[in-house]
$ cat run_13.pdb   # PDB, N, CA, C and O atoms, pLDDT in the B column
ATOM      1  N   MET A   1      19.750  78.600 -29.566  1.00 74.00           N
ATOM      2  CA  MET A   1      20.999  78.777 -30.260  1.00 74.00           C
ATOM      3  C   MET A   1      21.889  77.574 -29.976  1.00 74.00           C
ATOM      4  O   MET A   1      21.996  77.130 -28.841  1.00 74.00           O
ATOM      5  N   ALA A   2      22.535  77.088 -31.005  1.00 83.00           N
ATOM      6  CA  ALA A   2      23.451  75.965 -30.844  1.00 83.00           C
ATOM      7  C   ALA A   2      24.744  76.445 -30.193  1.00 83.00           C
ATOM      8  O   ALA A   2      25.271  77.494 -30.541  1.00 83.00           O
ATOM      9  N   THR A   3      25.201  75.695 -29.224  1.00 93.00           N
ATOM     10  CA  THR A   3      26.448  76.017 -28.536  1.00 93.00           C
ATOM     11  C   THR A   3      27.358  74.802 -28.566  1.00 93.00           C
ATOM     12  O   THR A   3      26.911  73.680 -28.795  1.00 93.00           O
ATOM     13  N   VAL A   4      28.644  75.049 -28.317  1.00 95.00           N
ATOM     14  CA  VAL A   4      29.626  73.979 -28.220  1.00 95.00           C
ATOM     15  C   VAL A   4      30.388  74.188 -26.919  1.00 95.00           C
ATOM     16  O   VAL A   4      30.888  75.287 -26.663  1.00 95.00           O
ATOM     17  N   ARG A   5      30.461  73.160 -26.126  1.00 96.00           N
ATOM     18  CA  ARG A   5      31.207  73.235 -24.874  1.00 96.00           C
ATOM     19  C   ARG A   5      32.656  72.901 -25.190  1.00 96.00           C
ATOM     20  O   ARG A   5      32.979  71.803 -25.628  1.00 96.00           O
ATOM     21  N   LEU A   6      33.545  73.853 -25.002  1.00 97.00           N
ATOM     22  CA  LEU A   6      34.955  73.661 -25.325  1.00 97.00           C
ATOM     23  C   LEU A   6      35.744  73.097 -24.150  1.00 97.00           C
ATOM     24  O   LEU A   6      36.738  72.398 -24.341  1.00 97.00           O
ATOM     25  N   SER A   7      35.306  73.436 -22.943  1.00 97.00           N
ATOM     26  CA  SER A   7      35.933  72.915 -21.730  1.00 97.00           C
ATOM     27  C   SER A   7      34.924  73.079 -20.594  1.00 97.00           C
ATOM     28  O   SER A   7      33.800  73.517 -20.826  1.00 97.00           O
ATOM     29  N   MET A   8      35.330  72.782 -19.393  1.00 97.00           N
ATOM     30  CA  MET A   8      34.414  72.912 -18.255  1.00 97.00           C
ATOM     31  C   MET A   8      33.955  74.361 -18.061  1.00 97.00           C
ATOM     32  O   MET A   8      32.855  74.601 -17.590  1.00 97.00           O
ATOM     33  N   THR A   9      34.793  75.326 -18.447  1.00 98.00           N
ATOM     34  CA  THR A   9      34.465  76.732 -18.205  1.00 98.00           C
ATOM     35  C   THR A   9      34.340  77.560 -19.485  1.00 98.00           C
ATOM     36  O   THR A   9      34.144  78.770 -19.405  1.00 98.00           O
ATOM     37  N   GLU A  10      34.434  76.934 -20.659  1.00 98.00           N
ATOM     38  CA  GLU A  10      34.339  77.675 -21.919  1.00 98.00           C
ATOM     39  C   GLU A  10      33.190  77.166 -22.780  1.00 98.00           C
ATOM     40  O   GLU A  10      33.008  75.959 -22.925  1.00 98.00           O
ATOM     41  N   VAL A  11      32.457  78.130 -23.353  1.00 98.00           N
ATOM     42  CA  VAL A  11      31.327  77.822 -24.215  1.00 98.00           C
ATOM     43  C   VAL A  11      31.462  78.652 -25.483  1.00 98.00           C
ATOM     44  O   VAL A  11      31.697  79.853 -25.422  1.00 98.00           O
ATOM     45  N   ARG A  12      31.309  77.990 -26.621  1.00 97.00           N
ATOM     46  CA  ARG A  12      31.282  78.705 -27.892  1.00 97.00           C
ATOM     47  C   ARG A  12      29.818  78.905 -28.287  1.00 97.00           C
ATOM     48  O   ARG A  12      29.042  77.955 -28.346  1.00 97.00           O
ATOM     49  N   ALA A  13      29.462  80.159 -28.556  1.00 95.00           N
ATOM     50  CA  ALA A  13      28.112  80.497 -28.993  1.00 95.00           C
ATOM     51  C   ALA A  13      28.235  81.472 -30.151  1.00 95.00           C
ATOM     52  O   ALA A  13      28.811  82.550 -29.998  1.00 95.00           O
ATOM     53  N   HIS A  14      27.729  81.063 -31.291  1.00 89.00           N
ATOM     54  CA  HIS A  14      27.789  81.852 -32.517  1.00 89.00           C
ATOM     55  C   HIS A  14      29.244  82.140 -32.841  1.00 89.00           C
ATOM     56  O   HIS A  14      29.999  81.214 -33.043  1.00 89.00           O
ATOM     57  N   GLU A  15      29.673  83.380 -32.859  1.00 92.00           N
ATOM     58  CA  GLU A  15      31.055  83.702 -33.221  1.00 92.00           C
ATOM     59  C   GLU A  15      31.891  84.103 -32.008  1.00 92.00           C
ATOM     60  O   GLU A  15      32.913  84.769 -32.134  1.00 92.00           O
ATOM     61  N   TRP A  16      31.460  83.699 -30.818  1.00 95.00           N
ATOM     62  CA  TRP A  16      32.140  84.084 -29.587  1.00 95.00           C
ATOM     63  C   TRP A  16      32.502  82.873 -28.739  1.00 95.00           C
ATOM     64  O   TRP A  16      31.791  81.875 -28.727  1.00 95.00           O
ATOM     65  N   ILE A  17      33.599  83.000 -28.008  1.00 97.00           N
ATOM     66  CA  ILE A  17      33.968  82.021 -26.985  1.00 97.00           C
ATOM     67  C   ILE A  17      33.892  82.742 -25.650  1.00 97.00           C
ATOM     68  O   ILE A  17      34.517  83.791 -25.459  1.00 97.00           O
ATOM     69  N   TYR A  18      33.089  82.193 -24.751  1.00 98.00           N
ATOM     70  CA  TYR A  18      32.882  82.762 -23.422  1.00 98.00           C
ATOM     71  C   TYR A  18      33.624  81.917 -22.403  1.00 98.00           C
ATOM     72  O   TYR A  18      33.548  80.689 -22.442  1.00 98.00           O
ATOM     73  N   THR A  19      34.321  82.577 -21.489  1.00 98.00           N
ATOM     74  CA  THR A  19      35.003  81.899 -20.393  1.00 98.00           C
ATOM     75  C   THR A  19      34.338  82.322 -19.089  1.00 98.00           C
ATOM     76  O   THR A  19      34.122  83.509 -18.854  1.00 98.00           O
ATOM     77  N   PHE A  20      34.020  81.336 -18.262  1.00 98.00           N
ATOM     78  CA  PHE A  20      33.340  81.585 -16.995  1.00 98.00           C
ATOM     79  C   PHE A  20      34.236  81.172 -15.840  1.00 98.00           C
ATOM     80  O   PHE A  20      35.159  80.378 -16.015  1.00 98.00           O
ATOM     81  N   THR A  21      33.936  81.686 -14.651  1.00 97.00           N
ATOM     82  CA  THR A  21      34.758  81.389 -13.482  1.00 97.00           C
ATOM     83  C   THR A  21      34.654  79.939 -13.044  1.00 97.00           C
ATOM     84  O   THR A  21      35.601  79.395 -12.487  1.00 97.00           O
ATOM     85  N   ASP A  22      33.497  79.321 -13.291  1.00 96.00           N
ATOM     86  CA  ASP A  22      33.349  77.909 -12.939  1.00 96.00           C
ATOM     87  C   ASP A  22      32.333  77.230 -13.863  1.00 96.00           C
ATOM     88  O   ASP A  22      31.612  77.895 -14.607  1.00 96.00           O
ATOM     89  N   SER A  23      32.293  75.926 -13.800  1.00 97.00           N
ATOM     90  CA  SER A  23      31.449  75.150 -14.710  1.00 97.00           C
ATOM     91  C   SER A  23      29.956  75.351 -14.451  1.00 97.00           C
ATOM     92  O   SER A  23      29.155  75.247 -15.376  1.00 97.00           O
ATOM     93  N   ASP A  24      29.577  75.661 -13.214  1.00 98.00           N
ATOM     94  CA  ASP A  24      28.157  75.888 -12.920  1.00 98.00           C
ATOM     95  C   ASP A  24      27.617  77.089 -13.688  1.00 98.00           C
ATOM     96  O   ASP A  24      26.511  77.041 -14.243  1.00 98.00           O
ATOM     97  N   ILE A  25      28.378  78.162 -13.729  1.00 98.00           N
ATOM     98  CA  ILE A  25      27.936  79.350 -14.463  1.00 98.00           C
ATOM     99  C   ILE A  25      27.921  79.058 -15.959  1.00 98.00           C
ATOM    100  O   ILE A  25      27.002  79.470 -16.674  1.00 98.00           O
ATOM    101  N   ALA A  26      28.908  78.326 -16.447  1.00 98.00           N
ATOM    102  CA  ALA A  26      28.928  77.938 -17.861  1.00 98.00           C
ATOM    103  C   ALA A  26      27.703  77.084 -18.192  1.00 98.00           C
ATOM    104  O   ALA A  26      27.077  77.276 -19.244  1.00 98.00           O
ATOM    105  N   ASP A  27      27.341  76.167 -17.299  1.00 97.00           N
ATOM    106  CA  ASP A  27      26.138  75.342 -17.481  1.00 97.00           C
ATOM    107  C   ASP A  27      24.889  76.214 -17.569  1.00 97.00           C
ATOM    108  O   ASP A  27      24.032  76.011 -18.429  1.00 97.00           O
ATOM    109  N   GLN A  28      24.777  77.169 -16.647  1.00 98.00           N
ATOM    110  CA  GLN A  28      23.608  78.042 -16.618  1.00 98.00           C
ATOM    111  C   GLN A  28      23.526  78.898 -17.886  1.00 98.00           C
ATOM    112  O   GLN A  28      22.439  79.091 -18.435  1.00 98.00           O
ATOM    113  N   PHE A  29      24.664  79.413 -18.332  1.00 98.00           N
ATOM    114  CA  PHE A  29      24.706  80.211 -19.558  1.00 98.00           C
ATOM    115  C   PHE A  29      24.255  79.376 -20.748  1.00 98.00           C
ATOM    116  O   PHE A  29      23.422  79.788 -21.545  1.00 98.00           O
ATOM    117  N   GLN A  30      24.798  78.185 -20.862  1.00 96.00           N
ATOM    118  CA  GLN A  30      24.454  77.301 -21.973  1.00 96.00           C
ATOM    119  C   GLN A  30      22.970  76.936 -21.936  1.00 96.00           C
ATOM    120  O   GLN A  30      22.300  76.938 -22.975  1.00 96.00           O
ATOM    121  N   ALA A  31      22.426  76.656 -20.772  1.00 97.00           N
ATOM    122  CA  ALA A  31      21.000  76.336 -20.645  1.00 97.00           C
ATOM    123  C   ALA A  31      20.138  77.548 -20.980  1.00 97.00           C
ATOM    124  O   ALA A  31      19.073  77.412 -21.600  1.00 97.00           O
ATOM    125  N   CYS A  32      20.582  78.724 -20.609  1.00 97.00           N
ATOM    126  CA  CYS A  32      19.845  79.956 -20.886  1.00 97.00           C
ATOM    127  C   CYS A  32      19.657  80.158 -22.386  1.00 97.00           C
ATOM    128  O   CYS A  32      18.605  80.604 -22.842  1.00 97.00           O
ATOM    129  N   LEU A  33      20.688  79.812 -23.153  1.00 96.00           N
ATOM    130  CA  LEU A  33      20.639  80.042 -24.597  1.00 96.00           C
ATOM    131  C   LEU A  33      19.601  79.189 -25.316  1.00 96.00           C
ATOM    132  O   LEU A  33      19.264  79.466 -26.461  1.00 96.00           O
ATOM    133  N   VAL A  34      19.071  78.188 -24.650  1.00 95.00           N
ATOM    134  CA  VAL A  34      18.028  77.357 -25.247  1.00 95.00           C
ATOM    135  C   VAL A  34      16.755  78.170 -25.466  1.00 95.00           C
ATOM    136  O   VAL A  34      16.067  78.013 -26.477  1.00 95.00           O
ATOM    137  N   SER A  35      16.476  79.093 -24.531  1.00 95.00           N
ATOM    138  CA  SER A  35      15.219  79.832 -24.619  1.00 95.00           C
ATOM    139  C   SER A  35      15.372  81.349 -24.734  1.00 95.00           C
ATOM    140  O   SER A  35      14.419  82.032 -25.100  1.00 95.00           O
ATOM    141  N   ASP A  36      16.546  81.886 -24.421  1.00 96.00           N
ATOM    142  CA  ASP A  36      16.745  83.333 -24.432  1.00 96.00           C
ATOM    143  C   ASP A  36      17.811  83.716 -25.461  1.00 96.00           C
ATOM    144  O   ASP A  36      18.570  82.868 -25.923  1.00 96.00           O
ATOM    145  N   ASP A  37      17.862  85.019 -25.767  1.00 95.00           N
ATOM    146  CA  ASP A  37      18.868  85.461 -26.737  1.00 95.00           C
ATOM    147  C   ASP A  37      20.217  85.685 -26.050  1.00 95.00           C
ATOM    148  O   ASP A  37      20.324  85.720 -24.823  1.00 95.00           O
ATOM    149  N   LEU A  38      21.238  85.830 -26.861  1.00 95.00           N
ATOM    150  CA  LEU A  38      22.611  85.909 -26.381  1.00 95.00           C
ATOM    151  C   LEU A  38      22.829  87.071 -25.418  1.00 95.00           C
ATOM    152  O   LEU A  38      23.429  86.901 -24.354  1.00 95.00           O
ATOM    153  N   ALA A  39      22.334  88.252 -25.760  1.00 96.00           N
ATOM    154  CA  ALA A  39      22.531  89.428 -24.901  1.00 96.00           C
ATOM    155  C   ALA A  39      21.896  89.225 -23.526  1.00 96.00           C
ATOM    156  O   ALA A  39      22.477  89.607 -22.497  1.00 96.00           O
ATOM    157  N   GLU A  40      20.725  88.637 -23.504  1.00 97.00           N
ATOM    158  CA  GLU A  40      20.041  88.394 -22.228  1.00 97.00           C
ATOM    159  C   GLU A  40      20.815  87.400 -21.369  1.00 97.00           C
ATOM    160  O   GLU A  40      20.959  87.582 -20.162  1.00 97.00           O
ATOM    161  N   CYS A  41      21.329  86.346 -22.000  1.00 97.00           N
ATOM    162  CA  CYS A  41      22.085  85.343 -21.247  1.00 97.00           C
ATOM    163  C   CYS A  41      23.413  85.906 -20.742  1.00 97.00           C
ATOM    164  O   CYS A  41      23.851  85.565 -19.645  1.00 97.00           O
ATOM    165  N   GLU A  42      24.045  86.777 -21.527  1.00 97.00           N
ATOM    166  CA  GLU A  42      25.269  87.441 -21.066  1.00 97.00           C
ATOM    167  C   GLU A  42      24.984  88.278 -19.824  1.00 97.00           C
ATOM    168  O   GLU A  42      25.797  88.320 -18.902  1.00 97.00           O
ATOM    169  N   ALA A  43      23.848  88.960 -19.812  1.00 97.00           N
ATOM    170  CA  ALA A  43      23.485  89.801 -18.660  1.00 97.00           C
ATOM    171  C   ALA A  43      23.163  88.952 -17.433  1.00 97.00           C
ATOM    172  O   ALA A  43      23.538  89.302 -16.308  1.00 97.00           O
ATOM    173  N   LYS A  44      22.473  87.833 -17.634  1.00 97.00           N
ATOM    174  CA  LYS A  44      22.086  86.966 -16.518  1.00 97.00           C
ATOM    175  C   LYS A  44      23.272  86.193 -15.950  1.00 97.00           C
ATOM    176  O   LYS A  44      23.324  85.909 -14.758  1.00 97.00           O
ATOM    177  N   HIS A  45      24.188  85.802 -16.827  1.00 98.00           N
ATOM    178  CA  HIS A  45      25.326  84.951 -16.442  1.00 98.00           C
ATOM    179  C   HIS A  45      26.600  85.560 -17.031  1.00 98.00           C
ATOM    180  O   HIS A  45      27.144  85.054 -18.017  1.00 98.00           O
ATOM    181  N   PRO A  46      27.092  86.648 -16.432  1.00 97.00           N
ATOM    182  CA  PRO A  46      28.229  87.372 -17.006  1.00 97.00           C
ATOM    183  C   PRO A  46      29.491  86.506 -17.106  1.00 97.00           C
ATOM    184  O   PRO A  46      29.869  85.839 -16.138  1.00 97.00           O
ATOM    185  N   PRO A  47      30.110  86.527 -18.274  1.00 98.00           N
ATOM    186  CA  PRO A  47      31.351  85.768 -18.439  1.00 98.00           C
ATOM    187  C   PRO A  47      32.536  86.511 -17.831  1.00 98.00           C
ATOM    188  O   PRO A  47      32.514  87.738 -17.692  1.00 98.00           O
ATOM    189  N   LEU A  48      33.568  85.762 -17.515  1.00 98.00           N
ATOM    190  CA  LEU A  48      34.826  86.330 -17.058  1.00 98.00           C
ATOM    191  C   LEU A  48      35.541  86.969 -18.253  1.00 98.00           C
ATOM    192  O   LEU A  48      36.169  88.014 -18.134  1.00 98.00           O
ATOM    193  N   ASP A  49      35.396  86.334 -19.426  1.00 97.00           N
ATOM    194  CA  ASP A  49      36.034  86.812 -20.650  1.00 97.00           C
ATOM    195  C   ASP A  49      35.166  86.429 -21.835  1.00 97.00           C
ATOM    196  O   ASP A  49      34.449  85.425 -21.797  1.00 97.00           O
ATOM    197  N   LYS A  50      35.267  87.230 -22.891  1.00 97.00           N
ATOM    198  CA  LYS A  50      34.532  86.976 -24.136  1.00 97.00           C
ATOM    199  C   LYS A  50      35.468  87.344 -25.271  1.00 97.00           C
ATOM    200  O   LYS A  50      36.016  88.447 -25.302  1.00 97.00           O
ATOM    201  N   ARG A  51      35.682  86.403 -26.196  1.00 96.00           N
ATOM    202  CA  ARG A  51      36.549  86.713 -27.332  1.00 96.00           C
ATOM    203  C   ARG A  51      35.917  86.219 -28.623  1.00 96.00           C
ATOM    204  O   ARG A  51      35.251  85.179 -28.641  1.00 96.00           O
ATOM    205  N   ARG A  52      36.125  86.980 -29.676  1.00 94.00           N
ATOM    206  CA  ARG A  52      35.541  86.663 -30.976  1.00 94.00           C
ATOM    207  C   ARG A  52      36.373  85.599 -31.678  1.00 94.00           C
ATOM    208  O   ARG A  52      37.598  85.623 -31.625  1.00 94.00           O
ATOM    209  N   ILE A  53      35.693  84.691 -32.324  1.00 90.00           N
ATOM    210  CA  ILE A  53      36.356  83.669 -33.125  1.00 90.00           C
ATOM    211  C   ILE A  53      36.705  84.306 -34.457  1.00 90.00           C
ATOM    212  O   ILE A  53      35.854  84.901 -35.109  1.00 90.00           O
ATOM    213  N   ARG A  54      37.923  84.191 -34.864  1.00 74.00           N
ATOM    214  CA  ARG A  54      38.358  84.758 -36.137  1.00 74.00           C
ATOM    215  C   ARG A  54      37.933  83.831 -37.260  1.00 74.00           C
ATOM    216  O   ARG A  54      38.401  82.712 -37.355  1.00 74.00           O
ATOM    217  N   GLN A  55      37.040  84.326 -38.094  1.00 66.00           N
ATOM    218  CA  GLN A  55      36.550  83.516 -39.207  1.00 66.00           C
ATOM    219  C   GLN A  55      36.915  84.119 -40.555  1.00 66.00           C
ATOM    220  O   GLN A  55      36.893  83.441 -41.560  1.00 66.00           O
ATOM    221  N   ASP A  56      37.215  85.400 -40.581  1.00 65.00           N
ATOM    222  CA  ASP A  56      37.503  86.111 -41.806  1.00 65.00           C
ATOM    223  C   ASP A  56      39.024  86.212 -41.958  1.00 65.00           C
ATOM    224  O   ASP A  56      39.707  86.654 -41.024  1.00 65.00           O
ATOM    225  N   PRO A  57      39.586  85.825 -43.100  1.00 61.00           N
ATOM    226  CA  PRO A  57      41.051  85.942 -43.280  1.00 61.00           C
ATOM    227  C   PRO A  57      41.569  87.352 -43.020  1.00 61.00           C
ATOM    228  O   PRO A  57      42.704  87.519 -42.586  1.00 61.00           O
ATOM    229  N   ASP A  58      40.748  88.369 -43.243  1.00 61.00           N
ATOM    230  CA  ASP A  58      41.186  89.746 -42.984  1.00 61.00           C
ATOM    231  C   ASP A  58      41.396  89.987 -41.492  1.00 61.00           C
ATOM    232  O   ASP A  58      42.092  90.945 -41.123  1.00 61.00           O
ATOM    233  N   ASP A  59      40.836  89.143 -40.642  1.00 56.00           N
ATOM    234  CA  ASP A  59      41.014  89.279 -39.205  1.00 56.00           C
ATOM    235  C   ASP A  59      42.474  88.974 -38.812  1.00 56.00           C
ATOM    236  O   ASP A  59      42.891  89.268 -37.709  1.00 56.00           O
ATOM    237  N   TYR A  60      43.234  88.356 -39.710  1.00 57.00           N
ATOM    238  CA  TYR A  60      44.603  87.968 -39.406  1.00 57.00           C
ATOM    239  C   TYR A  60      45.606  88.985 -39.953  1.00 57.00           C
ATOM    240  O   TYR A  60      46.725  88.648 -40.283  1.00 57.00           O
ATOM    241  N   GLY A  61      45.202  90.227 -40.006  1.00 59.00           N
ATOM    242  CA  GLY A  61      46.076  91.299 -40.490  1.00 59.00           C
ATOM    243  C   GLY A  61      47.218  91.561 -39.524  1.00 59.00           C
ATOM    244  O   GLY A  61      47.372  90.901 -38.502  1.00 59.00           O
ATOM    245  N   PRO A  62      48.036  92.580 -39.830  1.00 62.00           N
ATOM    246  CA  PRO A  62      49.166  92.930 -38.972  1.00 62.00           C
ATOM    247  C   PRO A  62      48.722  93.186 -37.531  1.00 62.00           C
ATOM    248  O   PRO A  62      47.715  93.849 -37.287  1.00 62.00           O
ATOM    249  N   GLY A  63      49.470  92.646 -36.607  1.00 59.00           N
ATOM    250  CA  GLY A  63      49.170  92.850 -35.191  1.00 59.00           C
ATOM    251  C   GLY A  63      48.075  91.964 -34.647  1.00 59.00           C
ATOM    252  O   GLY A  63      47.714  92.047 -33.490  1.00 59.00           O
ATOM    253  N   ALA A  64      47.522  91.093 -35.466  1.00 54.00           N
ATOM    254  CA  ALA A  64      46.424  90.227 -35.011  1.00 54.00           C
ATOM    255  C   ALA A  64      46.956  89.042 -34.252  1.00 54.00           C
ATOM    256  O   ALA A  64      48.021  88.596 -34.400  1.00 54.00           O
TER     257      ALA A  64
END
$ encode --input "run_13.pdb" --output "structure tokens"
Amino acid sequence: MATVRLSMTEVRAHEWIYTFTDSDIADQFQACLVSDDLAECEAKHPPLDKRRIRQDPDDYGPGA
């Protein structure tokens, strides 16, 4: 899976941005995605936070 490194502790994968406690865990998560699926890598390298990237204009409704 293609990923984008947003910062030392943040990785964008598919429609999610993952935040990790340190860059080593972010590195391991990103490397894991080369051969494993997203759910497996989340379990192996749990993020501190996970948030969805808003891609649909309807996601910007009231209270968003």
$ resolve_selection --input "run_13.pdb" --expression "the PyMOL selection byres ((chain A and resi 25) around 8)" --output "list in words"
Met8, Thr9, Thr19, Phe20, Thr21, Asp22, Ser23, Asp24, Ala26, Asp27, Gln28, Phe29, Gln30, Ala31, Cys32, Cys41, Lys44, His45, Pro46 and Pro47 of chain A
$ write_last_selection --input "run_13.pdb" --atoms "N, CA, C and O atoms" --output "PDB file, keeping the file's coordinate frame"
ATOM      1  N   MET A   8      35.330  72.782 -19.393  1.00 97.00           N
ATOM      2  CA  MET A   8      34.414  72.912 -18.255  1.00 97.00           C
ATOM      3  C   MET A   8      33.955  74.361 -18.061  1.00 97.00           C
ATOM      4  O   MET A   8      32.855  74.601 -17.590  1.00 97.00           O
ATOM      5  N   THR A   9      34.793  75.326 -18.447  1.00 98.00           N
ATOM      6  CA  THR A   9      34.465  76.732 -18.205  1.00 98.00           C
ATOM      7  C   THR A   9      34.340  77.560 -19.485  1.00 98.00           C
ATOM      8  O   THR A   9      34.144  78.770 -19.405  1.00 98.00           O
ATOM      9  N   THR A  19      34.321  82.577 -21.489  1.00 98.00           N
ATOM     10  CA  THR A  19      35.003  81.899 -20.393  1.00 98.00           C
ATOM     11  C   THR A  19      34.338  82.322 -19.089  1.00 98.00           C
ATOM     12  O   THR A  19      34.122  83.509 -18.854  1.00 98.00           O
ATOM     13  N   PHE A  20      34.020  81.336 -18.262  1.00 98.00           N
ATOM     14  CA  PHE A  20      33.340  81.585 -16.995  1.00 98.00           C
ATOM     15  C   PHE A  20      34.236  81.172 -15.840  1.00 98.00           C
ATOM     16  O   PHE A  20      35.159  80.378 -16.015  1.00 98.00           O
ATOM     17  N   THR A  21      33.936  81.686 -14.651  1.00 97.00           N
ATOM     18  CA  THR A  21      34.758  81.389 -13.482  1.00 97.00           C
ATOM     19  C   THR A  21      34.654  79.939 -13.044  1.00 97.00           C
ATOM     20  O   THR A  21      35.601  79.395 -12.487  1.00 97.00           O
ATOM     21  N   ASP A  22      33.497  79.321 -13.291  1.00 96.00           N
ATOM     22  CA  ASP A  22      33.349  77.909 -12.939  1.00 96.00           C
ATOM     23  C   ASP A  22      32.333  77.230 -13.863  1.00 96.00           C
ATOM     24  O   ASP A  22      31.612  77.895 -14.607  1.00 96.00           O
ATOM     25  N   SER A  23      32.293  75.926 -13.800  1.00 97.00           N
ATOM     26  CA  SER A  23      31.449  75.150 -14.710  1.00 97.00           C
ATOM     27  C   SER A  23      29.956  75.351 -14.451  1.00 97.00           C
ATOM     28  O   SER A  23      29.155  75.247 -15.376  1.00 97.00           O
ATOM     29  N   ASP A  24      29.577  75.661 -13.214  1.00 98.00           N
ATOM     30  CA  ASP A  24      28.157  75.888 -12.920  1.00 98.00           C
ATOM     31  C   ASP A  24      27.617  77.089 -13.688  1.00 98.00           C
ATOM     32  O   ASP A  24      26.511  77.041 -14.243  1.00 98.00           O
ATOM     33  N   ALA A  26      28.908  78.326 -16.447  1.00 98.00           N
ATOM     34  CA  ALA A  26      28.928  77.938 -17.861  1.00 98.00           C
ATOM     35  C   ALA A  26      27.703  77.084 -18.192  1.00 98.00           C
ATOM     36  O   ALA A  26      27.077  77.276 -19.244  1.00 98.00           O
ATOM     37  N   ASP A  27      27.341  76.167 -17.299  1.00 97.00           N
ATOM     38  CA  ASP A  27      26.138  75.342 -17.481  1.00 97.00           C
ATOM     39  C   ASP A  27      24.889  76.214 -17.569  1.00 97.00           C
ATOM     40  O   ASP A  27      24.032  76.011 -18.429  1.00 97.00           O
ATOM     41  N   GLN A  28      24.777  77.169 -16.647  1.00 98.00           N
ATOM     42  CA  GLN A  28      23.608  78.042 -16.618  1.00 98.00           C
ATOM     43  C   GLN A  28      23.526  78.898 -17.886  1.00 98.00           C
ATOM     44  O   GLN A  28      22.439  79.091 -18.435  1.00 98.00           O
ATOM     45  N   PHE A  29      24.664  79.413 -18.332  1.00 98.00           N
ATOM     46  CA  PHE A  29      24.706  80.211 -19.558  1.00 98.00           C
ATOM     47  C   PHE A  29      24.255  79.376 -20.748  1.00 98.00           C
ATOM     48  O   PHE A  29      23.422  79.788 -21.545  1.00 98.00           O
ATOM     49  N   GLN A  30      24.798  78.185 -20.862  1.00 96.00           N
ATOM     50  CA  GLN A  30      24.454  77.301 -21.973  1.00 96.00           C
ATOM     51  C   GLN A  30      22.970  76.936 -21.936  1.00 96.00           C
ATOM     52  O   GLN A  30      22.300  76.938 -22.975  1.00 96.00           O
ATOM     53  N   ALA A  31      22.426  76.656 -20.772  1.00 97.00           N
ATOM     54  CA  ALA A  31      21.000  76.336 -20.645  1.00 97.00           C
ATOM     55  C   ALA A  31      20.138  77.548 -20.980  1.00 97.00           C
ATOM     56  O   ALA A  31      19.073  77.412 -21.600  1.00 97.00           O
ATOM     57  N   CYS A  32      20.582  78.724 -20.609  1.00 97.00           N
ATOM     58  CA  CYS A  32      19.845  79.956 -20.886  1.00 97.00           C
ATOM     59  C   CYS A  32      19.657  80.158 -22.386  1.00 97.00           C
ATOM     60  O   CYS A  32      18.605  80.604 -22.842  1.00 97.00           O
ATOM     61  N   CYS A  41      21.329  86.346 -22.000  1.00 97.00           N
ATOM     62  CA  CYS A  41      22.085  85.343 -21.247  1.00 97.00           C
ATOM     63  C   CYS A  41      23.413  85.906 -20.742  1.00 97.00           C
ATOM     64  O   CYS A  41      23.851  85.565 -19.645  1.00 97.00           O
ATOM     65  N   LYS A  44      22.473  87.833 -17.634  1.00 97.00           N
ATOM     66  CA  LYS A  44      22.086  86.966 -16.518  1.00 97.00           C
ATOM     67  C   LYS A  44      23.272  86.193 -15.950  1.00 97.00           C
ATOM     68  O   LYS A  44      23.324  85.909 -14.758  1.00 97.00           O
ATOM     69  N   HIS A  45      24.188  85.802 -16.827  1.00 98.00           N
ATOM     70  CA  HIS A  45      25.326  84.951 -16.442  1.00 98.00           C
ATOM     71  C   HIS A  45      26.600  85.560 -17.031  1.00 98.00           C
ATOM     72  O   HIS A  45      27.144  85.054 -18.017  1.00 98.00           O
ATOM     73  N   PRO A  46      27.092  86.648 -16.432  1.00 97.00           N
ATOM     74  CA  PRO A  46      28.229  87.372 -17.006  1.00 97.00           C
ATOM     75  C   PRO A  46      29.491  86.506 -17.106  1.00 97.00           C
ATOM     76  O   PRO A  46      29.869  85.839 -16.138  1.00 97.00           O
ATOM     77  N   PRO A  47      30.110  86.527 -18.274  1.00 98.00           N
ATOM     78  CA  PRO A  47      31.351  85.768 -18.439  1.00 98.00           C
ATOM     79  C   PRO A  47      32.536  86.511 -17.831  1.00 98.00           C
ATOM     80  O   PRO A  47      32.514  87.738 -17.692  1.00 98.00           O
TER      81      PRO A  47
END
$ closest_residue --input "run_13.pdb" --among "A:Val34, A:Met1, A:Ala39, A:Ile17" --to "A:Arg51" --atoms "only C-alpha atoms"
A:Ile17
$ resolve_selection --input "run_13.pdb" --expression "the PyMOL selection byres ((chain A and resi 13) around 8)" --output "VMD selection string"
chain A and resid 1 to 5 10 to 12 14 to 18 38 51 to 53
$ atom_distance --input "run_13.pdb" --atom1 "atom O of A:Leu6" --atom2 "atom O of A:Ser35"
24.3 Å
$ atom_distance --input "run_13.pdb" --atom1 "atom CA of A:Ala43" --atom2 "atom N of A:Ser7"
20.6 Å
$ select_by_dssp --input "run_13.pdb" --residues "stretch 17-61 of chain A" --states "strand (DSSP E or B)" --output "list in words"
Ile17, Tyr18, Thr19, Asp49, Lys50, Arg51 and Arg52 of chain A
$ decode --input "run_13.pdb" --residues "stretch 47-51 of chain A" --atoms "N, CA and C atoms" --output "PDB file, in the first residue's frame"
ATOM      1  N   PRO A  47      -1.412   2.781  16.643  1.00  0.00           N
ATOM      2  CA  PRO A  47      -1.214   4.232  16.625  1.00  0.00           C
ATOM      3  C   PRO A  47      -1.734   4.875  17.906  1.00  0.00           C
ATOM      4  N   LEU A  48      -1.217   6.046  18.198  1.00  0.00           N
ATOM      5  CA  LEU A  48      -1.705   6.855  19.303  1.00  0.00           C
ATOM      6  C   LEU A  48      -3.064   7.450  18.917  1.00  0.00           C
ATOM      7  N   ASP A  49      -3.203   7.794  17.628  1.00  0.00           N
ATOM      8  CA  ASP A  49      -4.433   8.392  17.115  1.00  0.00           C
ATOM      9  C   ASP A  49      -4.601   7.988  15.660  1.00  0.00           C
ATOM     10  N   LYS A  50      -5.858   7.943  15.229  1.00  0.00           N
ATOM     11  CA  LYS A  50      -6.194   7.617  13.838  1.00  0.00           C
ATOM     12  C   LYS A  50      -7.359   8.510  13.456  1.00  0.00           C
ATOM     13  N   ARG A  51      -7.205   9.254  12.358  1.00  0.00           N
ATOM     14  CA  ARG A  51      -8.308  10.109  11.922  1.00  0.00           C
ATOM     15  C   ARG A  51      -8.507   9.982  10.421  1.00  0.00           C
TER      16      ARG A  51
END
